[in-house]
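**Student:** PDB, C-alpha atoms, pLDDT in the B column, saved as my_file.pdb, coming up:
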```pdb
ATOM      1  CA  ARG A   1     118.079  79.511 106.583  1.00 50.00           C
ATOM      2  CA  SER A   2     117.417  78.825 102.921  1.00 52.00           C
ATOM      3  CA  LEU A   3     118.598  81.115 100.118  1.00 52.00           C
ATOM      4  CA  VAL A   4     115.011  82.187  99.346  1.00 57.00           C
ATOM      5  CA  GLU A   5     114.376  83.007 102.982  1.00 57.00           C
ATOM      6  CA  ARG A   6     117.619  85.019 103.241  1.00 60.00           C
ATOM      7  CA  GLU A   7     116.695  86.949 100.080  1.00 74.00           C
ATOM      8  CA  MET A   8     113.227  87.776 101.437  1.00 82.00           C
ATOM      9  CA  GLU A   9     114.538  90.454 103.804  1.00 88.00           C
ATOM     10  CA  ALA A  10     113.535  94.113 104.196  1.00 91.00           C
ATOM     11  CA  GLY A  11     113.737  95.921 100.844  1.00 91.00           C
ATOM     12  CA  ALA A  12     113.299  92.781  98.734  1.00 91.00           C
ATOM     13  CA  ASN A  13     110.609  92.676  96.057  1.00 93.00           C
ATOM     14  CA  VAL A  14     108.081  89.864  96.266  1.00 94.00           C
ATOM     15  CA  TRP A  15     104.896  88.822  94.498  1.00 94.00           C
ATOM     16  CA  VAL A  16     101.740  88.628  96.622  1.00 94.00           C
ATOM     17  CA  THR A  17      98.438  87.052  95.651  1.00 92.00           C
ATOM     18  CA  ASP A  18      95.533  89.337  94.833  1.00 91.00           C
ATOM     19  CA  ASP A  19      91.891  88.401  94.246  1.00 89.00           C
ATOM     20  CA  GLU A  20      91.488  90.784  91.297  1.00 88.00           C
ATOM     21  CA  GLN A  21      94.861  90.788  89.512  1.00 86.00           C
ATOM     22  CA  ALA A  22      96.302  87.386  90.516  1.00 90.00           C
ATOM     23  CA  TRP A  23      99.697  88.743  91.662  1.00 93.00           C
ATOM     24  CA  LEU A  24     100.938  92.184  92.689  1.00 91.00           C
ATOM     25  CA  LEU A  25     104.498  93.379  93.215  1.00 92.00           C
ATOM     26  CA  ALA A  26     105.236  94.329  96.824  1.00 94.00           C
ATOM     27  CA  GLU A  27     108.250  95.251  98.913  1.00 94.00           C
ATOM     28  CA  VAL A  28     109.188  93.631 102.203  1.00 94.00           C
ATOM     29  CA  VAL A  29     109.194  96.124 105.083  1.00 94.00           C
ATOM     30  CA  LYS A  30     109.981  93.701 107.896  1.00 93.00           C
ATOM     31  CA  LYS A  31     109.988  89.957 108.442  1.00 90.00           C
ATOM     32  CA  GLU A  32     109.156  88.323 111.752  1.00 88.00           C
ATOM     33  CA  ASP A  33     108.929  84.677 112.773  1.00 82.00           C
ATOM     34  CA  ASP A  34     105.184  84.406 112.197  1.00 87.00           C
ATOM     35  CA  GLN A  35     104.442  87.152 109.646  1.00 90.00           C
ATOM     36  CA  ILE A  36     105.894  89.371 106.954  1.00 93.00           C
ATOM     37  CA  HIS A  37     105.081  93.097 106.603  1.00 94.00           C
ATOM     38  CA  LEU A  38     104.708  94.437 103.056  1.00 94.00           C
ATOM     39  CA  PHE A  39     103.531  97.372 100.953  1.00 92.00           C
ATOM     40  CA  LEU A  40     102.574  97.481  97.268  1.00 93.00           C
ATOM     41  CA  VAL A  41     105.215  98.844  94.894  1.00 91.00           C
ATOM     42  CA  ASP A  42     102.643 100.327  92.479  1.00 86.00           C
ATOM     43  CA  GLY A  43      99.944 101.434  94.856  1.00 80.00           C
ATOM     44  CA  PRO A  44      99.236 102.896  98.251  1.00 80.00           C
ATOM     45  CA  LYS A  45     102.149 102.543 100.654  1.00 81.00           C
ATOM     46  CA  THR A  46      99.814 101.148 103.306  1.00 84.00           C
ATOM     47  CA  GLN A  47     101.420  98.235 105.111  1.00 88.00           C
ATOM     48  CA  PHE A  48      99.778  94.829 105.211  1.00 92.00           C
ATOM     49  CA  THR A  49     100.896  91.468 106.503  1.00 91.00           C
ATOM     50  CA  ARG A  50     100.907  87.848 105.442  1.00 92.00           C
ATOM     51  CA  GLU A  51     101.071  85.040 107.952  1.00 90.00           C
ATOM     52  CA  ALA A  52     103.627  82.240 107.981  1.00 87.00           C
ATOM     53  CA  GLU A  53     101.958  79.254 106.360  1.00 82.00           C
ATOM     54  CA  ILE A  54     104.591  76.536 106.539  1.00 75.00           C
ATOM     55  CA  VAL A  55     107.490  76.154 108.925  1.00 73.00           C
ATOM     56  CA  ASP A  56     109.858  73.253 108.343  1.00 73.00           C
ATOM     57  CA  LYS A  57     110.792  72.003 111.812  1.00 75.00           C
ATOM     58  CA  GLU A  58     114.230  70.720 110.721  1.00 77.00           C
ATOM     59  CA  THR A  59     115.406  73.698 108.670  1.00 73.00           C
ATOM     60  CA  GLY A  60     113.261  76.432 110.217  1.00 71.00           C
ATOM     61  CA  PHE A  61     112.313  77.555 106.680  1.00 76.00           C
ATOM     62  CA  ARG A  62     109.217  79.773 106.709  1.00 78.00           C
ATOM     63  CA  LYS A  63     106.848  80.029 103.758  1.00 84.00           C
ATOM     64  CA  PHE A  64     104.449  82.954 103.887  1.00 89.00           C
ATOM     65  CA  LYS A  65     100.929  82.541 102.548  1.00 88.00           C
ATOM     66  CA  GLY A  66     100.603  83.922  99.001  1.00 90.00           C
ATOM     67  CA  VAL A  67     104.148  85.357  98.853  1.00 92.00           C
ATOM     68  CA  GLU A  68     106.826  84.461  96.279  1.00 91.00           C
ATOM     69  CA  LEU A  69     110.232  86.085  95.844  1.00 88.00           C
ATOM     70  CA  ALA A  70     110.431  88.324  92.749  1.00 91.00           C
ATOM     71  CA  ASN A  71     113.255  88.184  90.220  1.00 87.00           C
ATOM     72  CA  ALA A  72     115.435  91.236  89.666  1.00 85.00           C
ATOM     73  CA  LEU A  73     114.004  93.311  86.833  1.00 81.00           C
ATOM     74  CA  LEU A  74     115.920  93.135  83.559  1.00 82.00           C
ATOM     75  CA  SER A  75     117.260  96.341  82.052  1.00 85.00           C
ATOM     76  CA  ASP A  76     116.216  97.445  78.569  1.00 86.00           C
ATOM     77  CA  GLU A  77     119.701  96.420  77.328  1.00 89.00           C
ATOM     78  CA  GLU A  78     119.304  92.920  78.777  1.00 85.00           C
ATOM     79  CA  LYS A  79     115.888  92.612  77.133  1.00 82.00           C
ATOM     80  CA  ALA A  80     117.337  93.813  73.798  1.00 82.00           C
ATOM     81  CA  GLU A  81     120.002  91.093  74.100  1.00 83.00           C
ATOM     82  CA  GLY A  82     117.193  88.547  74.457  1.00 80.00           C
ATOM     83  CA  ARG A  83     117.899  87.644  78.084  1.00 80.00           C
ATOM     84  CA  ASP A  84     114.140  87.260  78.561  1.00 82.00           C
ATOM     85  CA  ASN A  85     113.708  84.793  75.659  1.00 84.00           C
ATOM     86  CA  ASP A  86     114.171  81.676  77.803  1.00 87.00           C
ATOM     87  CA  LEU A  87     112.464  81.803  81.183  1.00 87.00           C
ATOM     88  CA  ILE A  88     114.525  78.873  82.425  1.00 86.00           C
ATOM     89  CA  THR A  89     117.288  81.434  83.063  1.00 85.00           C
ATOM     90  CA  LEU A  90     115.182  83.140  85.749  1.00 85.00           C
ATOM     91  CA  PRO A  91     116.452  82.482  89.271  1.00 85.00           C
ATOM     92  CA  HIS A  92     112.878  81.983  90.498  1.00 86.00           C
ATOM     93  CA  LEU A  93     110.520  80.270  88.052  1.00 86.00           C
ATOM     94  CA  HIS A  94     107.080  80.155  89.622  1.00 89.00           C
ATOM     95  CA  GLU A  95     103.591  81.273  88.625  1.00 91.00           C
ATOM     96  CA  PRO A  96     103.979  85.034  89.244  1.00 93.00           C
ATOM     97  CA  ALA A  97     107.426  85.164  87.580  1.00 90.00           C
ATOM     98  CA  LEU A  98     106.108  83.342  84.524  1.00 90.00           C
ATOM     99  CA  LEU A  99     102.977  85.499  84.235  1.00 90.00           C
ATOM    100  CA  HIS A 100     104.954  88.719  84.684  1.00 89.00           C
ATOM    101  CA  ALA A 101     107.561  87.805  82.064  1.00 89.00           C
ATOM    102  CA  VAL A 102     104.977  86.672  79.506  1.00 90.00           C
ATOM    103  CA  SER A 103     102.875  89.788  80.151  1.00 88.00           C
ATOM    104  CA  GLU A 104     105.838  92.139  79.687  1.00 87.00           C
ATOM    105  CA  ARG A 105     106.794  90.417  76.425  1.00 86.00           C
ATOM    106  CA  PHE A 106     103.173  90.528  75.207  1.00 87.00           C
ATOM    107  CA  VAL A 107     103.000  94.313  75.695  1.00 86.00           C
ATOM    108  CA  VAL A 108     105.920  94.805  73.280  1.00 84.00           C
ATOM    109  CA  GLY A 109     104.573  92.304  70.734  1.00 82.00           C
ATOM    110  CA  LYS A 110     106.788  89.342  71.641  1.00 85.00           C
ATOM    111  CA  ILE A 111     104.209  86.566  71.852  1.00 86.00           C
ATOM    112  CA  TYR A 112     106.660  83.661  71.913  1.00 87.00           C
ATOM    113  CA  THR A 113     109.012  82.693  74.720  1.00 88.00           C
ATOM    114  CA  TRP A 114     110.645  79.518  75.995  1.00 87.00           C
ATOM    115  CA  THR A 115     110.935  77.641  79.253  1.00 87.00           C
ATOM    116  CA  GLY A 116     113.728  75.245  78.427  1.00 86.00           C
ATOM    117  CA  PRO A 117     112.409  73.101  75.545  1.00 87.00           C
ATOM    118  CA  ILE A 118     108.788  74.263  75.995  1.00 88.00           C
ATOM    119  CA  LEU A 119     107.454  76.997  73.698  1.00 87.00           C
ATOM    120  CA  ILE A 120     104.957  79.388  75.285  1.00 88.00           C
ATOM    121  CA  ALA A 121     102.768  81.322  72.855  1.00 87.00           C
ATOM    122  CA  VAL A 122     100.348  84.031  73.936  1.00 87.00           C
ATOM    123  CA  ASN A 123      97.377  84.685  71.670  1.00 81.00           C
ATOM    124  CA  PRO A 124      97.631  88.365  70.662  1.00 73.00           C
ATOM    125  CA  PHE A 125      93.952  88.490  69.600  1.00 78.00           C
ATOM    126  CA  LYS A 126      94.947  90.216  66.360  1.00 75.00           C
ATOM    127  CA  ARG A 127      96.194  89.287  62.928  1.00 73.00           C
ATOM    128  CA  LEU A 128      99.932  88.825  62.689  1.00 70.00           C
ATOM    129  CA  PRO A 129     102.050  89.071  59.535  1.00 69.00           C
ATOM    130  CA  LEU A 130     102.996  85.404  59.786  1.00 70.00           C
ATOM    131  CA  TYR A 131     101.932  84.518  56.254  1.00 72.00           C
ATOM    132  CA  THR A 132     102.480  87.029  53.471  1.00 79.00           C
ATOM    133  CA  THR A 133     100.382  86.954  50.329  1.00 83.00           C
ATOM    134  CA  GLU A 134     103.333  85.376  48.484  1.00 83.00           C
ATOM    135  CA  ILE A 135     103.652  82.535  51.000  1.00 77.00           C
ATOM    136  CA  LEU A 136      99.910  81.852  50.986  1.00 78.00           C
ATOM    137  CA  GLU A 137      99.877  81.863  47.181  1.00 83.00           C
ATOM    138  CA  SER A 138     102.783  79.394  47.022  1.00 80.00           C
ATOM    139  CA  TYR A 139     100.930  77.031  49.400  1.00 74.00           C
ATOM    140  CA  ARG A 140      97.767  77.390  47.329  1.00 78.00           C
ATOM    141  CA  ARG A 141      99.645  76.776  44.054  1.00 78.00           C
ATOM    142  CA  GLU A 142     101.460  73.703  45.444  1.00 75.00           C
ATOM    143  CA  GLY A 143      98.252  72.267  46.877  1.00 73.00           C
ATOM    144  CA  LEU A 144      96.320  72.797  43.656  1.00 70.00           C
ATOM    145  CA  LEU A 145      99.055  71.221  41.524  1.00 67.00           C
ATOM    146  CA  LEU A 146      99.359  68.230  43.854  1.00 68.00           C
ATOM    147  CA  SER A 147      95.597  67.719  44.016  1.00 71.00           C
ATOM    148  CA  GLN A 148      95.477  67.557  40.206  1.00 70.00           C
ATOM    149  CA  GLY A 149      98.547  65.326  39.967  1.00 70.00           C
ATOM    150  CA  LEU A 150     100.380  67.987  37.970  1.00 67.00           C
ATOM    151  CA  GLY A 151     103.423  68.574  40.157  1.00 61.00           C
ATOM    152  CA  ASP A 152     105.798  67.160  42.675  1.00 58.00           C
ATOM    153  CA  GLY A 153     104.844  69.742  45.299  1.00 49.00           C
ATOM    154  CA  LYS A 154     108.040  71.772  44.899  1.00 54.00           C
ATOM    155  CA  SER A 155     107.648  75.481  44.299  1.00 49.00           C
ATOM    156  CA  SER A 156     108.821  76.792  40.987  1.00 48.00           C
TER     157      SER A 156
END
```
Could you rewrite the structure in this file as structure tokens?

**Tutor:**
Amino acid sequence: RSLVEREMEAGANVWVTDDEQAWLLAEVVKKEDDQIHLFLVDGPKTQFTREAEIVDKETGFRKFKGVELANALLSDEEKAEGRDNDLITLPHLHEPALLHAVSERFVVGKIYTWTGPILIAVNPFKRLPLYTTEILESYRREGLLLSQGLGDGKSS
């Protein structure tokens, strides 16, 4: 069995697809050859199942429809250390892991994160203090001086 399949045992957290919220966190209750039994972590503890979608004949690996293994949640200390800055460090980097990590960072005002060399920026739909009045004024002054041929573009 594959590592992912071994980790997707009873008690493991997984992401399951949802028509309204894209992905929801669930816990594995029991796994059988042809289906997996789950319940939502943040919701009613009613069990539901997902069917096996893919079975690799050679390895016996089973992929369940709309189910992805969840990463272990980071502690507040690990987040303070910046362990969530680069998503490439996640053991499982797939759509629900990426969306969850970016969403958690967005809630605390961290709109930038990395996946290896790729910068991910989430639009906060609000003004950010990226450019202070002093910085804007220096850009304006430099641009005005350059446009009139009165300076070399270096701030004074």

**Student:** Atom CA of A:Asp34 to atom CA of A:Ala97: how many Å, to one decimal?

**Tutor:**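 Answer for the atom CA of A:Asp34 to atom CA of A:Ala97 separation: 24.7 Å.
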
**Student:** Near A:Leu98, within 12 Å and counting all atoms listed in the file, which residues show up once chain neighbours fewer than 6 positions away are dropped, as a list in words?

**Tutor:**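 Here the qualifying residues turn out to be Trp15, Trp23, Glu68, Ala70, Asn71, Asp84, Asn85, Asp86, Leu87, Ile88, Thr89, Leu90, Pro91, His92, Glu104, Arg105, Thr113, Trp114, Thr115 and Ile120 of chain A.
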
**Student:** Can you tell me which residues surround stretch 47-60 of chain A at a distance of at most 10 Å, considering all atoms listed in the file, apart from same-chain residues fewer than 5 positions away, and format the answer as number ranges by chain?

**Tutor:** A: 1-2, 5, 16, 26-40, 65-67

**Student:** Using C-alpha atoms, can you export the residues from the last selection as a short mmCIF file (atom, residue, chain, number, x, y, z; two decimals), in the coordinates of the input?

**Tutor:**
```
data_model
loop_
_atom_site.label_atom_id
_atom_site.label_comp_id
_atom_site.auth_asym_id
_atom_site.auth_seq_id
_atom_site.Cartn_x
_atom_site.Cartn_y
_atom_site.Cartn_z
CA ARG A 1 118.08 79.51 106.58
CA SER A 2 117.42 78.82 102.92
CA GLU A 5 114.38 83.01 102.98
CA VAL A 16 101.74 88.63 96.62
CA ALA A 26 105.24 94.33 96.82
CA GLU A 27 108.25 95.25 98.91
CA VAL A 28 109.19 93.63 102.20
CA VAL A 29 109.19 96.12 105.08
CA LYS A 30 109.98 93.70 107.90
CA LYS A 31 109.99 89.96 108.44
CA GLU A 32 109.16 88.32 111.75
CA ASP A 33 108.93 84.68 112.77
CA ASP A 34 105.18 84.41 112.20
CA GLN A 35 104.44 87.15 109.65
CA ILE A 36 105.89 89.37 106.95
CA HIS A 37 105.08 93.10 106.60
CA LEU A 38 104.71 94.44 103.06
CA PHE A 39 103.53 97.37 100.95
CA LEU A 40 102.57 97.48 97.27
CA LYS A 65 100.93 82.54 102.55
CA GLY A 66 100.60 83.92 99.00
CA VAL A 67 104.15 85.36 98.85
#
```

**Student:** Between A:Pro96, A:Gly109, A:Gly143, A:Pro124, which is the closest to A:Ala22 once you count all atoms listed in the file?

**Tutor:** A:Pro96
